[in-house]
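The data block below is data_4.txt; it holds compact mmCIF, C-alpha atoms and all ligand atoms.
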```
# COMPACT_ATOMS: atom_id res chain seq x y z
CA MET A 18 -23.07 -26.42 -15.22
CA TYR A 19 -20.39 -24.10 -14.02
CA TYR A 20 -16.75 -23.49 -14.72
CA VAL A 21 -14.17 -24.23 -12.01
CA ALA A 22 -10.44 -24.71 -11.57
CA ASP A 23 -9.16 -28.23 -11.04
CA VAL A 24 -5.67 -29.09 -9.80
CA ASN A 25 -3.81 -32.12 -11.09
CA GLU A 26 -2.53 -33.46 -7.75
CA THR A 27 0.23 -35.66 -9.11
CA ASP A 28 1.80 -32.83 -11.10
CA CYS A 29 1.29 -30.19 -8.38
CA ALA A 30 2.85 -32.39 -5.65
CA LYS A 31 6.21 -32.23 -7.46
CA TYR A 32 6.72 -28.56 -6.66
CA ASN A 33 5.70 -27.57 -3.09
CA CYS A 34 4.98 -24.08 -4.44
CA LYS A 35 1.47 -22.73 -3.52
CA GLN A 36 1.88 -19.61 -5.68
CA CYS A 37 -1.61 -20.03 -7.18
CA VAL A 38 -3.10 -20.04 -3.67
CA LEU A 39 -1.49 -16.68 -2.94
CA PHE A 40 -3.13 -15.00 -5.95
CA CYS A 41 -6.70 -16.32 -5.84
CA PRO A 42 -9.10 -13.40 -5.28
CA GLU A 43 -11.57 -15.55 -3.37
CA PRO A 44 -11.17 -16.39 0.32
CA ASN A 45 -11.16 -20.04 1.47
CA THR A 46 -11.37 -21.31 -2.12
CA LEU A 47 -8.03 -22.37 -3.54
CA MET A 48 -6.51 -24.16 -0.56
CA TYR A 49 -3.17 -25.78 0.19
CA HIS A 50 -2.80 -29.23 1.73
CA ASN A 51 0.17 -29.04 4.01
CA SER A 52 1.13 -32.70 4.29
CA LYS A 53 0.28 -33.71 0.70
CA HIS A 54 1.95 -30.50 -0.60
CA VAL A 55 -0.79 -29.88 -3.14
CA ALA A 56 -3.21 -27.10 -3.91
CA TRP A 57 -6.89 -28.08 -3.98
CA VAL A 58 -10.08 -26.31 -4.98
CA ASN A 59 -13.23 -25.87 -2.95
CA TYR A 60 -15.39 -26.19 -6.09
CA SER A 61 -18.54 -24.69 -4.65
CA ARG A 62 -16.72 -21.41 -4.00
CA CYS A 63 -14.68 -21.15 -7.22
CA LYS A 64 -15.97 -18.38 -9.53
CA GLY A 65 -13.94 -19.60 -12.52
CA CYS A 66 -11.71 -16.56 -13.14
CA ALA A 67 -8.66 -18.71 -14.07
CA ILE A 68 -6.09 -16.37 -12.49
CA CYS A 69 -4.59 -19.54 -10.96
CA VAL A 70 -4.10 -20.97 -14.46
CA TYR A 71 -2.24 -17.81 -15.46
CA VAL A 72 0.02 -18.15 -12.38
CA CYS A 73 0.66 -21.88 -12.82
CA SER A 74 0.93 -22.08 -16.62
CA ASP A 75 1.92 -18.64 -17.93
CA LEU A 76 4.16 -17.45 -15.10
CA LEU A 77 5.57 -20.70 -13.72
CA LYS A 78 5.23 -23.00 -16.79
CA ARG A 79 4.06 -25.83 -14.54
CA ASN A 80 0.65 -26.48 -16.14
CA CYS A 81 -0.96 -28.21 -13.16
CA ILE A 82 -4.37 -26.45 -13.24
CA GLN A 83 -7.14 -26.78 -15.79
CA MET A 84 -10.54 -25.15 -16.03
CA VAL A 85 -13.31 -27.76 -16.17
CA MET A 86 -17.10 -27.78 -16.50
CA MET A 87 -18.96 -29.13 -13.52
CA THR A 88 -22.56 -29.98 -12.86
CA ALA A 89 -24.09 -28.94 -9.54
CA GLY A 90 -23.82 -31.78 -7.06
CA GLU A 91 -20.67 -33.30 -8.58
CA MET B 14 -5.02 -12.14 18.86
CA GLY B 15 -7.56 -12.93 21.59
CA LEU B 16 -9.34 -16.25 21.32
CA GLU B 17 -11.79 -15.46 24.13
CA TYR B 18 -13.56 -13.00 21.90
CA VAL B 19 -14.88 -15.71 19.56
CA ARG B 20 -14.86 -18.86 21.69
CA ILE B 21 -18.12 -20.82 21.57
CA SER B 22 -19.83 -21.54 24.91
CA PRO B 23 -19.56 -25.22 25.90
CA GLY B 24 -22.41 -27.30 24.47
CA PHE B 25 -23.19 -24.91 21.64
CA GLU B 26 -20.54 -26.04 19.16
CA ARG B 27 -22.83 -28.37 17.25
CA TYR B 28 -25.46 -25.67 16.78
CA MET B 29 -23.07 -23.12 15.32
CA PRO B 30 -22.63 -22.79 11.54
CA LYS B 31 -19.65 -24.76 10.24
CA ASP B 32 -17.95 -21.63 8.93
CA TYR B 33 -18.01 -20.12 12.41
CA VAL B 34 -16.63 -23.27 14.06
CA ASP B 35 -13.87 -23.38 11.42
CA LEU B 36 -13.06 -19.75 12.16
CA VAL B 37 -12.55 -20.54 15.85
CA LYS B 38 -10.62 -23.76 15.26
CA TYR B 39 -8.56 -22.93 12.20
CA GLY B 40 -8.82 -19.16 11.95
CA GLN B 41 -6.59 -16.17 12.66
CA PHE B 42 -7.86 -15.82 16.23
CA GLY B 43 -5.29 -16.55 18.89
CA ARG B 44 -2.28 -16.44 16.58
CA GLN B 45 -0.46 -14.20 14.16
CA VAL B 46 -0.66 -15.55 10.62
CA ASP B 47 1.77 -14.90 7.82
CA VAL B 48 0.25 -13.96 4.49
CA GLN B 49 2.30 -16.76 2.89
CA GLN B 50 0.11 -19.19 4.83
CA LEU B 51 -3.03 -18.15 2.95
CA GLY B 52 -4.97 -21.26 1.95
CA GLN B 53 -3.90 -23.03 5.12
CA PHE B 54 -6.15 -21.34 7.66
CA LYS B 55 -9.77 -20.21 7.74
CA GLU B 56 -9.78 -16.62 6.54
CA LEU B 57 -11.59 -13.77 8.27
CA VAL B 58 -13.40 -12.80 5.10
CA GLU B 59 -16.17 -15.06 3.85
CA GLU B 60 -17.82 -15.73 0.50
CA HIS B 61 -19.01 -12.46 -1.07
CA PRO B 62 -20.68 -11.27 -4.27
CA MET B 63 -17.78 -9.35 -5.88
CA CYS B 64 -17.19 -10.31 -9.51
CA ALA B 65 -15.11 -13.29 -10.63
CA GLY B 66 -11.44 -12.37 -10.88
CA CYS B 67 -11.88 -8.96 -9.23
CA PHE B 68 -8.51 -7.74 -7.97
CA MET B 69 -10.16 -5.42 -5.51
CA ALA B 70 -11.53 -8.58 -3.91
CA TYR B 71 -8.01 -10.03 -3.99
CA PHE B 72 -6.56 -6.97 -2.26
CA ILE B 73 -9.25 -7.23 0.44
CA ARG B 74 -8.43 -10.90 0.96
CA VAL B 75 -4.77 -10.04 1.58
CA PHE B 76 -5.78 -7.06 3.74
CA TYR B 77 -7.58 -9.28 6.27
CA ALA B 78 -4.68 -11.71 6.47
CA ALA B 79 -2.32 -8.77 7.08
CA LEU B 80 -4.16 -7.11 9.98
CA PRO B 81 -1.85 -6.81 12.98
CA ASN B 82 -4.70 -7.02 15.47
CA PRO B 83 -8.00 -8.03 13.83
CA GLU B 84 -10.06 -8.41 17.02
CA ASP B 85 -9.37 -4.79 17.91
CA THR B 86 -9.83 -3.39 14.42
CA ILE B 87 -12.82 -1.60 12.98
CA VAL B 88 -13.15 -1.27 9.22
CA ILE B 89 -15.07 1.58 7.66
CA GLY B 90 -16.33 1.42 4.12
CA THR B 91 -19.04 2.97 2.02
CA ALA B 92 -21.02 2.58 -1.20
CA GLY B 93 -18.85 1.05 -3.90
CA CYS B 94 -17.72 -2.48 -4.66
CA ALA B 95 -15.34 -3.01 -1.72
CA ARG B 96 -18.09 -3.01 0.90
CA LEU B 97 -19.57 -6.13 -0.71
CA ALA B 98 -16.65 -8.09 0.74
CA LEU B 99 -15.82 -5.86 3.73
CA SER B 100 -19.28 -6.53 5.12
CA GLN B 101 -18.68 -10.31 4.97
CA ALA B 102 -15.73 -10.49 7.34
CA ALA B 103 -15.41 -11.45 11.01
CA VAL B 104 -14.16 -7.95 11.79
CA PRO B 105 -16.55 -5.15 12.81
CA PHE B 106 -17.57 -3.09 9.80
CA VAL B 107 -19.17 0.35 9.75
CA TYR B 108 -20.92 1.54 6.61
CA GLY B 109 -20.28 5.26 6.29
CA ASN B 110 -22.52 7.30 4.04
CA TYR B 111 -20.91 7.82 0.63
CA GLY B 112 -18.17 10.43 0.99
CA ASP B 113 -18.34 10.48 4.80
CA THR B 114 -15.94 7.66 5.63
CA ASN B 115 -13.09 9.78 6.92
CA ALA B 116 -15.36 11.94 9.07
CA VAL B 117 -16.94 8.83 10.59
CA ALA B 118 -13.51 7.29 11.14
CA SER B 119 -12.26 10.47 12.85
CA GLY B 120 -15.10 10.46 15.36
CA LEU B 121 -14.87 6.73 15.91
CA LYS B 122 -11.13 6.72 16.53
CA ARG B 123 -11.40 9.59 18.99
CA ALA B 124 -14.31 7.95 20.83
CA LEU B 125 -12.47 4.62 21.04
CA THR B 126 -9.40 6.34 22.48
CA ILE B 127 -11.56 7.86 25.24
CA ARG B 128 -13.57 4.71 25.87
CA PHE B 129 -10.60 2.29 25.89
CA PRO B 130 -7.63 4.32 27.18
CA ASP B 131 -5.55 1.19 27.88
CA LYS B 132 -6.18 -0.53 24.57
CA VAL B 133 -5.15 0.04 21.00
CA LYS B 134 -8.06 0.07 18.56
CA ASP B 135 -7.10 0.26 14.90
CA VAL B 136 -9.46 2.12 12.59
CA VAL B 137 -9.08 1.55 8.84
CA VAL B 138 -11.06 3.13 6.03
CA ILE B 139 -11.24 1.19 2.76
CA ALA B 140 -13.10 2.94 -0.01
CA GLY B 141 -13.00 3.54 -3.73
CA ASP B 142 -11.47 6.30 -5.80
CA GLY B 143 -14.91 7.91 -6.14
CA GLY B 144 -15.63 7.62 -2.42
CA LEU B 145 -12.33 9.11 -1.27
CA ILE B 146 -10.96 11.42 -3.94
CA ASP B 147 -14.13 12.64 -5.71
CA ILE B 148 -17.27 12.78 -3.62
CA GLY B 149 -15.48 12.30 -0.27
CA PHE B 150 -12.57 14.56 -1.17
CA GLY B 151 -13.27 17.28 1.42
CA MET B 152 -13.72 14.88 4.31
CA THR B 153 -10.68 12.83 3.31
CA MET B 154 -8.50 15.94 3.12
CA HIS B 155 -9.74 17.45 6.36
CA SER B 156 -9.14 14.23 8.30
CA TRP B 157 -5.53 14.47 7.12
CA PHE B 158 -5.26 18.19 7.90
CA ARG B 159 -6.45 17.39 11.43
CA ARG B 160 -3.86 14.59 11.69
CA GLU B 161 -6.42 11.99 12.68
CA LYS B 162 -4.75 8.74 13.68
CA PHE B 163 -6.20 6.16 11.34
CA THR B 164 -5.38 4.50 8.02
CA THR B 165 -7.06 5.31 4.73
CA ILE B 166 -6.79 2.79 1.90
CA MET B 167 -7.99 3.79 -1.55
CA VAL B 168 -8.87 0.77 -3.69
CA ASP B 169 -8.45 2.52 -7.01
CA ASN B 170 -10.14 0.83 -9.96
CA GLU B 171 -10.09 4.13 -11.88
CA VAL B 172 -13.85 4.17 -12.34
CA TYR B 173 -17.17 4.14 -10.49
CA GLY B 174 -17.42 0.36 -10.78
CA ASN B 175 -20.45 -0.23 -8.63
CA THR B 176 -22.67 2.16 -10.56
CA GLY B 177 -21.75 1.05 -14.05
CA GLY B 178 -18.73 2.94 -15.32
CA GLN B 179 -18.67 6.71 -14.75
CA GLU B 180 -15.22 8.31 -14.92
CA SER B 181 -13.60 9.40 -11.67
CA GLY B 182 -10.83 11.86 -10.88
CA MET B 183 -8.58 8.81 -10.75
CA SER B 184 -9.41 7.55 -14.26
CA PRO B 185 -6.44 8.07 -16.58
CA LYS B 186 -6.65 10.89 -19.13
CA GLY B 187 -8.18 9.86 -22.43
CA VAL B 188 -9.79 6.67 -21.19
CA GLN B 189 -13.19 5.89 -22.65
CA LEU B 190 -15.73 4.39 -20.31
CA LYS B 191 -19.37 3.40 -20.69
CA MET B 192 -20.50 6.67 -19.17
CA ALA B 193 -17.53 8.76 -20.40
CA PRO B 194 -17.96 8.18 -24.13
CA LYS B 195 -15.86 11.17 -25.20
CA GLY B 196 -12.89 9.98 -23.21
CA LYS B 197 -11.69 11.57 -19.98
CA GLN B 198 -10.52 15.14 -20.51
CA PHE B 199 -8.30 15.57 -17.44
CA ASP B 200 -5.28 13.95 -15.84
CA LYS B 201 -5.42 11.31 -13.13
CA ILE B 202 -5.23 13.02 -9.72
CA ASN B 203 -1.94 12.58 -7.89
CA ALA B 204 -3.40 11.25 -4.65
CA VAL B 205 -0.10 10.26 -3.10
CA GLU B 206 1.37 13.76 -3.32
CA LEU B 207 -1.86 15.25 -1.97
CA ALA B 208 -1.66 12.90 1.02
CA LYS B 209 1.92 13.96 1.73
CA VAL B 210 1.12 17.66 1.54
CA ALA B 211 -2.03 17.26 3.64
CA GLY B 212 -0.15 15.74 6.58
CA CYS B 213 -0.04 11.95 6.23
CA VAL B 214 2.97 10.46 8.01
CA TYR B 215 3.14 7.29 5.92
CA VAL B 216 2.12 7.06 2.27
CA ALA B 217 2.42 4.12 -0.12
CA LYS B 218 1.36 3.25 -3.63
CA LEU B 219 1.26 -0.25 -5.05
CA ALA B 220 -0.18 -2.69 -7.53
CA PRO B 221 -1.22 -6.03 -6.04
CA THR B 222 1.48 -8.21 -7.57
CA ASN B 223 3.28 -9.31 -4.43
CA PRO B 224 1.19 -10.47 -1.44
CA LYS B 225 4.08 -10.29 1.01
CA ARG B 226 4.72 -6.67 0.14
CA ILE B 227 1.02 -5.75 0.26
CA ALA B 228 0.84 -7.23 3.75
CA LYS B 229 3.95 -5.44 4.94
CA THR B 230 2.65 -2.13 3.60
CA ILE B 231 -0.72 -2.56 5.29
CA ARG B 232 0.88 -3.45 8.62
CA ARG B 233 3.21 -0.48 8.42
CA ALA B 234 0.35 1.90 7.58
CA ILE B 235 -1.68 0.63 10.54
CA LEU B 236 1.22 0.73 13.03
CA ALA B 237 2.27 4.22 11.95
CA ALA B 238 -1.32 5.46 12.35
CA ARG B 239 -1.43 4.11 15.91
CA HIS B 240 1.43 6.28 17.04
CA PHE B 241 1.99 9.19 14.71
CA GLY B 242 -0.88 10.36 12.51
CA PRO B 243 -2.85 9.70 9.32
CA THR B 244 -1.55 7.12 6.86
CA PHE B 245 -2.56 6.42 3.28
CA ILE B 246 -2.25 3.56 0.81
CA HIS B 247 -3.11 4.02 -2.85
CA ALA B 248 -3.70 0.54 -4.30
CA TYR B 249 -4.38 -0.21 -7.95
CA THR B 250 -7.21 -2.73 -7.90
CA SER B 251 -8.49 -3.15 -11.44
CA CYS B 252 -12.14 -3.47 -12.40
CA ASN B 253 -12.14 -6.23 -15.00
CA ILE B 254 -15.80 -5.51 -15.83
CA GLU B 255 -15.56 -1.80 -16.67
CA TYR B 256 -12.10 -2.04 -18.25
CA SER B 257 -12.94 -5.27 -20.16
CA ILE B 258 -9.96 -7.20 -18.86
CA PRO B 259 -10.43 -10.97 -19.38
CA THR B 260 -10.38 -12.41 -15.85
CA GLU B 261 -7.41 -14.69 -16.52
CA LYS B 262 -5.39 -11.58 -17.51
CA VAL B 263 -6.09 -9.55 -14.38
CA LEU B 264 -2.74 -10.32 -12.72
CA GLU B 265 -0.93 -9.76 -16.02
CA ASP B 266 -2.61 -6.33 -16.20
CA ALA B 267 -1.51 -5.49 -12.64
CA ARG B 268 2.07 -6.46 -13.49
CA LYS B 269 1.93 -4.29 -16.59
CA ARG B 270 0.57 -1.29 -14.68
CA GLU B 271 3.23 -1.76 -12.02
CA LYS B 272 5.86 -1.26 -14.71
CA GLN B 273 4.06 1.83 -16.05
CA ASP B 274 2.57 4.07 -13.38
CA PHE B 275 2.10 1.91 -10.29
CA ALA B 276 5.69 1.09 -9.32
CA PHE B 277 5.93 0.39 -5.60
CA TYR B 278 6.40 3.65 -3.74
CA GLU B 279 6.74 4.23 -0.01
CA TRP B 280 7.30 7.48 1.82
CA MET B 281 7.31 8.24 5.57
CA THR B 282 8.42 10.93 7.98
CA ASP B 283 11.80 10.56 9.70
CA GLU B 284 10.04 9.85 12.97
CA VAL B 285 8.10 6.95 11.43
CA ARG B 286 11.24 5.61 9.73
CA GLU B 287 13.10 5.55 13.05
CA TYR B 288 10.18 3.75 14.66
CA PHE B 289 10.19 0.98 12.02
CA GLU B 290 13.96 0.63 12.20
CA GLU B 291 13.63 0.21 15.95
CA ILE B 292 10.92 -2.50 15.80
CA GLU B 293 12.61 -4.30 12.92
CA LYS B 294 15.86 -4.38 14.93
CA LYS B 295 13.96 -5.84 17.88
CA THR B 296 12.37 -8.62 15.77
CA GLU B 297 15.78 -9.50 14.39
CA GLU B 298 17.17 -9.69 17.94
CA VAL B 299 14.32 -12.03 18.91
CA LYS B 300 15.04 -14.23 15.87
CA ALA B 301 18.80 -14.32 16.55
C1 LIG C 401 -24.24 10.27 -1.37
C2 LIG C 401 -24.25 9.25 -2.44
N1 LIG C 401 -24.05 9.63 -3.73
C3 LIG C 401 -24.02 8.72 -4.71
C4 LIG C 401 -24.20 7.39 -4.43
C5 LIG C 401 -24.23 6.40 -5.56
N2 LIG C 401 -23.02 5.60 -5.65
C6 LIG C 401 -22.94 4.37 -5.14
S1 LIG C 401 -21.46 3.61 -5.44
C7 LIG C 401 -20.94 4.97 -6.33
C8 LIG C 401 -19.60 5.02 -7.03
C9 LIG C 401 -18.62 4.05 -6.55
O1 LIG C 401 -17.38 4.36 -7.10
P1 LIG C 401 -16.08 4.16 -6.23
O2 LIG C 401 -16.18 4.91 -4.96
O3 LIG C 401 -14.89 4.43 -7.09
O4 LIG C 401 -16.13 2.61 -5.83
P2 LIG C 401 -16.07 1.34 -6.81
O5 LIG C 401 -17.46 0.82 -6.94
O6 LIG C 401 -15.46 1.76 -8.10
O7 LIG C 401 -15.22 0.40 -6.08
C10 LIG C 401 -21.91 5.98 -6.34
C11 LIG C 401 -21.76 7.26 -7.04
C12 LIG C 401 -24.41 7.01 -3.09
N3 LIG C 401 -24.58 5.72 -2.74
N4 LIG C 401 -24.44 7.95 -2.12
S1 LIG C 402 -17.65 -4.18 -10.89
FE1 LIG C 402 -15.40 -4.17 -11.07
S2 LIG C 402 -14.58 -3.49 -9.06
FE2 LIG C 402 -16.77 -4.07 -8.80
S3 LIG C 402 -16.69 -6.22 -8.08
FE3 LIG C 402 -16.92 -6.25 -10.34
S4 LIG C 402 -14.81 -6.35 -11.17
FE4 LIG C 402 -14.68 -5.72 -8.99
MG MG C 403 -13.80 3.06 -8.19
```

Just give me the structure as structure tokens.
Amino acid sequence: MYYVADVNETDCAKYNCKQCVLFCPEPNTLMYHNSKHVAWVNYSRCKGCAICVYVCSDLLKRNCIQMVMMTAGE
Amino acid sequence: MGLEYVRISPGFERYMPKDYVDLVKYGQFGRQVDVQQLGQFKELVEEHPMCAGCFMAYFIRVFYAALPNPEDTIVIGTAGCARLALSQAAVPFVYGNYGDTNAVASGLKRALTIRFPDKVKDVVVIAGDGGLIDIGFGMTMHSWFRREKFTTIMVDNEVYGNTGGQESGMSPKGVQLKMAPKGKQFDKINAVELAKVAGCVYVAKLAPTNPKRIAKTIRRAILAARHFGPTFIHAYTSCNIEYSIPTEKVLEDARKREKQDFAFYEWMTDEVREYFEEIEKKTEEVKA
């Protein structure tokens, strides 16, 4: 089990913002889908720091990212 | 940026690791990226073992996206946390002995200038507060006294992070750390003023709260070093482990410190200022 960020695509697609992507400390991890206009997480690289949640919920009040538990292989 | 440098020989594509193929197809090679496009191209720096939520790792991520000419850049690091990520990037990396970075960089930059007289090779040192201002203090200072043309970036987490929490000259006065149980007795060293007095031509101080500004500062420091002399960036890059900052509060902490003692600061000589005004005018003319 490990802890990763998970983006709610429907909510995120409303904003075209990508601010979370610009503050993730990890390279090639929190990505942005250009045509769908949503952020997405490469789960196997996420270290679970939740800085993206701070950006999305605390700074922007958009609440599109949640931390979730995942089992290897999911 | 030159694509030839990384292009895979015909027929070998399917044998190359996926990360390498992605780097060639969707990476920074062959085009100039904007830091705002992070998350939409394959980055030069790969997975690395720095801690979750480490803002030194974040700064390094932005650093690679900001490089004006990555295929002709050589990064020099040393013992300390930063090298854990610096050594995982598709940019040549030299591991200087602890404290020696700026001596190694001086020799390297001079040798590259002789070896490649028609090419610009950017040399950048990235090391910790301990590496540059404590144990490497003499070599850092003397590289500036000699006006060596490369960039020095201090990733200041105000502690010896990699060795478990000894105080450094950059730790704030009074701070209690695992291996400074009585609290630090002396003031934080004013590295920026030292750099100015020692001969740097461009000096900046920042907290990593604004990726666009970090990138602009890094590019300016590298360009000024190409033409004029030593340049220095003092970046606050917190250690959430040694300072017990919950990872989700790391950016909040950087914003707080920016308001206190890490307000954005930039200083340059008149000559460097004129140079930037000139190139910025040219880019505006191209846009118009
Ligand atoms: C010559 C030498 N002395 C001491 C060490 C042990 N050492 C490794 S990392 C480190 C401190 C790192 O602190 P800093 O430079 O601030 O980098 P940080 O890990 O905090 O990023 C020390 C003392 C060494 N590797 N080489
Ligand atoms: S020990 Fe501190 S500076 Fe080093 S990787 Fe971990 S959080 Fe970053
Ligand atoms: Mg340090």

As JSON: centre and edge lengths in Å, one decimal, of the axis-aligned box holding ligand LIG 402 (chain C) with 8 Å per side:
```
{"center_x": -16.1, "center_y": -4.9, "center_z": -9.6, "size_x": 19.1, "size_y": 18.9, "size_z": 19.1}
```

Checklist entry - Of the residues B:Asp142, B:Glu271, B:Glu161, B:Glu84, which is the one nearest to ligand MG 403 (chain C), using only C-alpha atoms and all ligand atoms? => result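 Comparing B:Asp142, B:Glu271, B:Glu161, B:Glu84 against ligand MG 403 (chain C), the winner is B:Asp142.
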
Checklist entry - Do you have the CA of Met281 in chain B-CA of Val210 in chain B distance handy? => result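 Distance between the two atoms: 12.0 Å.
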
Show me which residues line ligand MG 403 (chain C), defined as having an atom within 7 Å of a ligand atom where only C-alpha atoms and all ligand atoms count, and present them as a PDB file with C-alpha atoms, keeping the file's coordinate frame.
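Here's the written file part-v1.pdb:
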```
ATOM      1  CA  GLY B  93     -18.850   1.050  -3.900  1.00  0.00           C
ATOM      2  CA  GLY B 141     -13.000   3.540  -3.730  1.00  0.00           C
ATOM      3  CA  ASP B 142     -11.470   6.300  -5.800  1.00  0.00           C
ATOM      4  CA  GLY B 143     -14.910   7.910  -6.140  1.00  0.00           C
ATOM      5  CA  ASP B 169      -8.450   2.520  -7.010  1.00  0.00           C
ATOM      6  CA  ASN B 170     -10.140   0.830  -9.960  1.00  0.00           C
ATOM      7  CA  GLU B 171     -10.090   4.130 -11.880  1.00  0.00           C
ATOM      8  CA  VAL B 172     -13.850   4.170 -12.340  1.00  0.00           C
ATOM      9  CA  TYR B 173     -17.170   4.140 -10.490  1.00  0.00           C
ATOM     10  CA  GLY B 174     -17.420   0.360 -10.780  1.00  0.00           C
TER      11      GLY B 174
END
```

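Residues with any atom within 8 Å of the point (-3.1, -15.2, -6.8), counting only C-alpha atoms, are A:Gln36, A:Cys37, A:Val38, A:Leu39, A:Phe40, A:Cys41, A:Pro42, A:Ile68, A:Cys69, A:Val72, B:Tyr71, B:Leu264.
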
Within-10 Å residues of ligand LIG 401 (chain C), basis all atoms listed in the file, as a PDB file with C-alpha atoms, in the coordinates of the input:
```
ATOM      1  CA  MET B  69     -10.160  -5.420  -5.510  1.00  0.00           C
ATOM      2  CA  ALA B  70     -11.530  -8.580  -3.910  1.00  0.00           C
ATOM      3  CA  GLY B  90     -16.330   1.420   4.120  1.00  0.00           C
ATOM      4  CA  THR B  91     -19.040   2.970   2.020  1.00  0.00           C
ATOM      5  CA  ALA B  92     -21.020   2.580  -1.200  1.00  0.00           C
ATOM      6  CA  GLY B  93     -18.850   1.050  -3.900  1.00  0.00           C
ATOM      7  CA  CYS B  94     -17.720  -2.480  -4.660  1.00  0.00           C
ATOM      8  CA  ALA B  95     -15.340  -3.010  -1.720  1.00  0.00           C
ATOM      9  CA  ARG B  96     -18.090  -3.010   0.900  1.00  0.00           C
ATOM     10  CA  LEU B  97     -19.570  -6.130  -0.710  1.00  0.00           C
ATOM     11  CA  GLY B 109     -20.280   5.260   6.290  1.00  0.00           C
ATOM     12  CA  ASN B 110     -22.520   7.300   4.040  1.00  0.00           C
ATOM     13  CA  TYR B 111     -20.910   7.820   0.630  1.00  0.00           C
ATOM     14  CA  GLY B 112     -18.170  10.430   0.990  1.00  0.00           C
ATOM     15  CA  ASP B 113     -18.340  10.480   4.800  1.00  0.00           C
ATOM     16  CA  ILE B 139     -11.240   1.190   2.760  1.00  0.00           C
ATOM     17  CA  ALA B 140     -13.100   2.940  -0.010  1.00  0.00           C
ATOM     18  CA  GLY B 141     -13.000   3.540  -3.730  1.00  0.00           C
ATOM     19  CA  ASP B 142     -11.470   6.300  -5.800  1.00  0.00           C
ATOM     20  CA  GLY B 143     -14.910   7.910  -6.140  1.00  0.00           C
ATOM     21  CA  GLY B 144     -15.630   7.620  -2.420  1.00  0.00           C
ATOM     22  CA  LEU B 145     -12.330   9.110  -1.270  1.00  0.00           C
ATOM     23  CA  ILE B 146     -10.960  11.420  -3.940  1.00  0.00           C
ATOM     24  CA  ASP B 147     -14.130  12.640  -5.710  1.00  0.00           C
ATOM     25  CA  ILE B 148     -17.270  12.780  -3.620  1.00  0.00           C
ATOM     26  CA  GLY B 149     -15.480  12.300  -0.270  1.00  0.00           C
ATOM     27  CA  MET B 167      -7.990   3.790  -1.550  1.00  0.00           C
ATOM     28  CA  VAL B 168      -8.870   0.770  -3.690  1.00  0.00           C
ATOM     29  CA  ASP B 169      -8.450   2.520  -7.010  1.00  0.00           C
ATOM     30  CA  ASN B 170     -10.140   0.830  -9.960  1.00  0.00           C
ATOM     31  CA  GLU B 171     -10.090   4.130 -11.880  1.00  0.00           C
ATOM     32  CA  VAL B 172     -13.850   4.170 -12.340  1.00  0.00           C
ATOM     33  CA  TYR B 173     -17.170   4.140 -10.490  1.00  0.00           C
ATOM     34  CA  GLY B 174     -17.420   0.360 -10.780  1.00  0.00           C
ATOM     35  CA  ASN B 175     -20.450  -0.230  -8.630  1.00  0.00           C
ATOM     36  CA  THR B 176     -22.670   2.160 -10.560  1.00  0.00           C
ATOM     37  CA  GLY B 177     -21.750   1.050 -14.050  1.00  0.00           C
ATOM     38  CA  GLY B 178     -18.730   2.940 -15.320  1.00  0.00           C
ATOM     39  CA  GLN B 179     -18.670   6.710 -14.750  1.00  0.00           C
ATOM     40  CA  GLU B 180     -15.220   8.310 -14.920  1.00  0.00           C
ATOM     41  CA  SER B 181     -13.600   9.400 -11.670  1.00  0.00           C
ATOM     42  CA  GLY B 182     -10.830  11.860 -10.880  1.00  0.00           C
ATOM     43  CA  MET B 183      -8.580   8.810 -10.750  1.00  0.00           C
ATOM     44  CA  SER B 184      -9.410   7.550 -14.260  1.00  0.00           C
ATOM     45  CA  THR B 250      -7.210  -2.730  -7.900  1.00  0.00           C
ATOM     46  CA  SER B 251      -8.490  -3.150 -11.440  1.00  0.00           C
ATOM     47  CA  CYS B 252     -12.140  -3.470 -12.400  1.00  0.00           C
ATOM     48  CA  GLU B 255     -15.560  -1.800 -16.670  1.00  0.00           C
TER      49      GLU B 255
END
```

Set the distance at 12 Å and use all atoms listed in the file: which residues neighbour Lys53 in chain A once local chain neighbours fewer than 2 positions away are removed? I'd like the list as a CSV table (one decimal) with C-alpha atoms, keeping the file's coordinate frame.
```
chain,number,residue,atom,x,y,z
A,26,GLU,CA,-2.5,-33.5,-7.8
A,27,THR,CA,0.2,-35.7,-9.1
A,28,ASP,CA,1.8,-32.8,-11.1
A,29,CYS,CA,1.3,-30.2,-8.4
A,30,ALA,CA,2.8,-32.4,-5.6
A,31,LYS,CA,6.2,-32.2,-7.5
A,32,TYR,CA,6.7,-28.6,-6.7
A,33,ASN,CA,5.7,-27.6,-3.1
A,34,CYS,CA,5.0,-24.1,-4.4
A,35,LYS,CA,1.5,-22.7,-3.5
A,48,MET,CA,-6.5,-24.2,-0.6
A,49,TYR,CA,-3.2,-25.8,0.2
A,50,HIS,CA,-2.8,-29.2,1.7
A,51,ASN,CA,0.2,-29.0,4.0
A,55,VAL,CA,-0.8,-29.9,-3.1
A,56,ALA,CA,-3.2,-27.1,-3.9
A,57,TRP,CA,-6.9,-28.1,-4.0
```

Checklist outcome for this item: In terms of all atoms listed in the file, the residue from A:Met87, A:Val24, A:Val58, A:Leu47 at minimal distance from Ser74 in chain A is A:Val24

Item to check | Residues within 12 Å of Val46 in chain B, only C-alpha atoms, excluding chain neighbours under 6 positions, as a PyMOL selection string | outcome: chain B and resi 14+39-40+52-57+75+77-83+225+228

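You will find CA of Ile227 in chain B at 8.1 Å from CA of Phe72 in chain B.
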
Checklist entry - So what do you get for CA of Thr86 in chain B versus CA of Thr222 in chain B, distance-wise? => result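 Distance reported for this atom pair: 25.2 Å.
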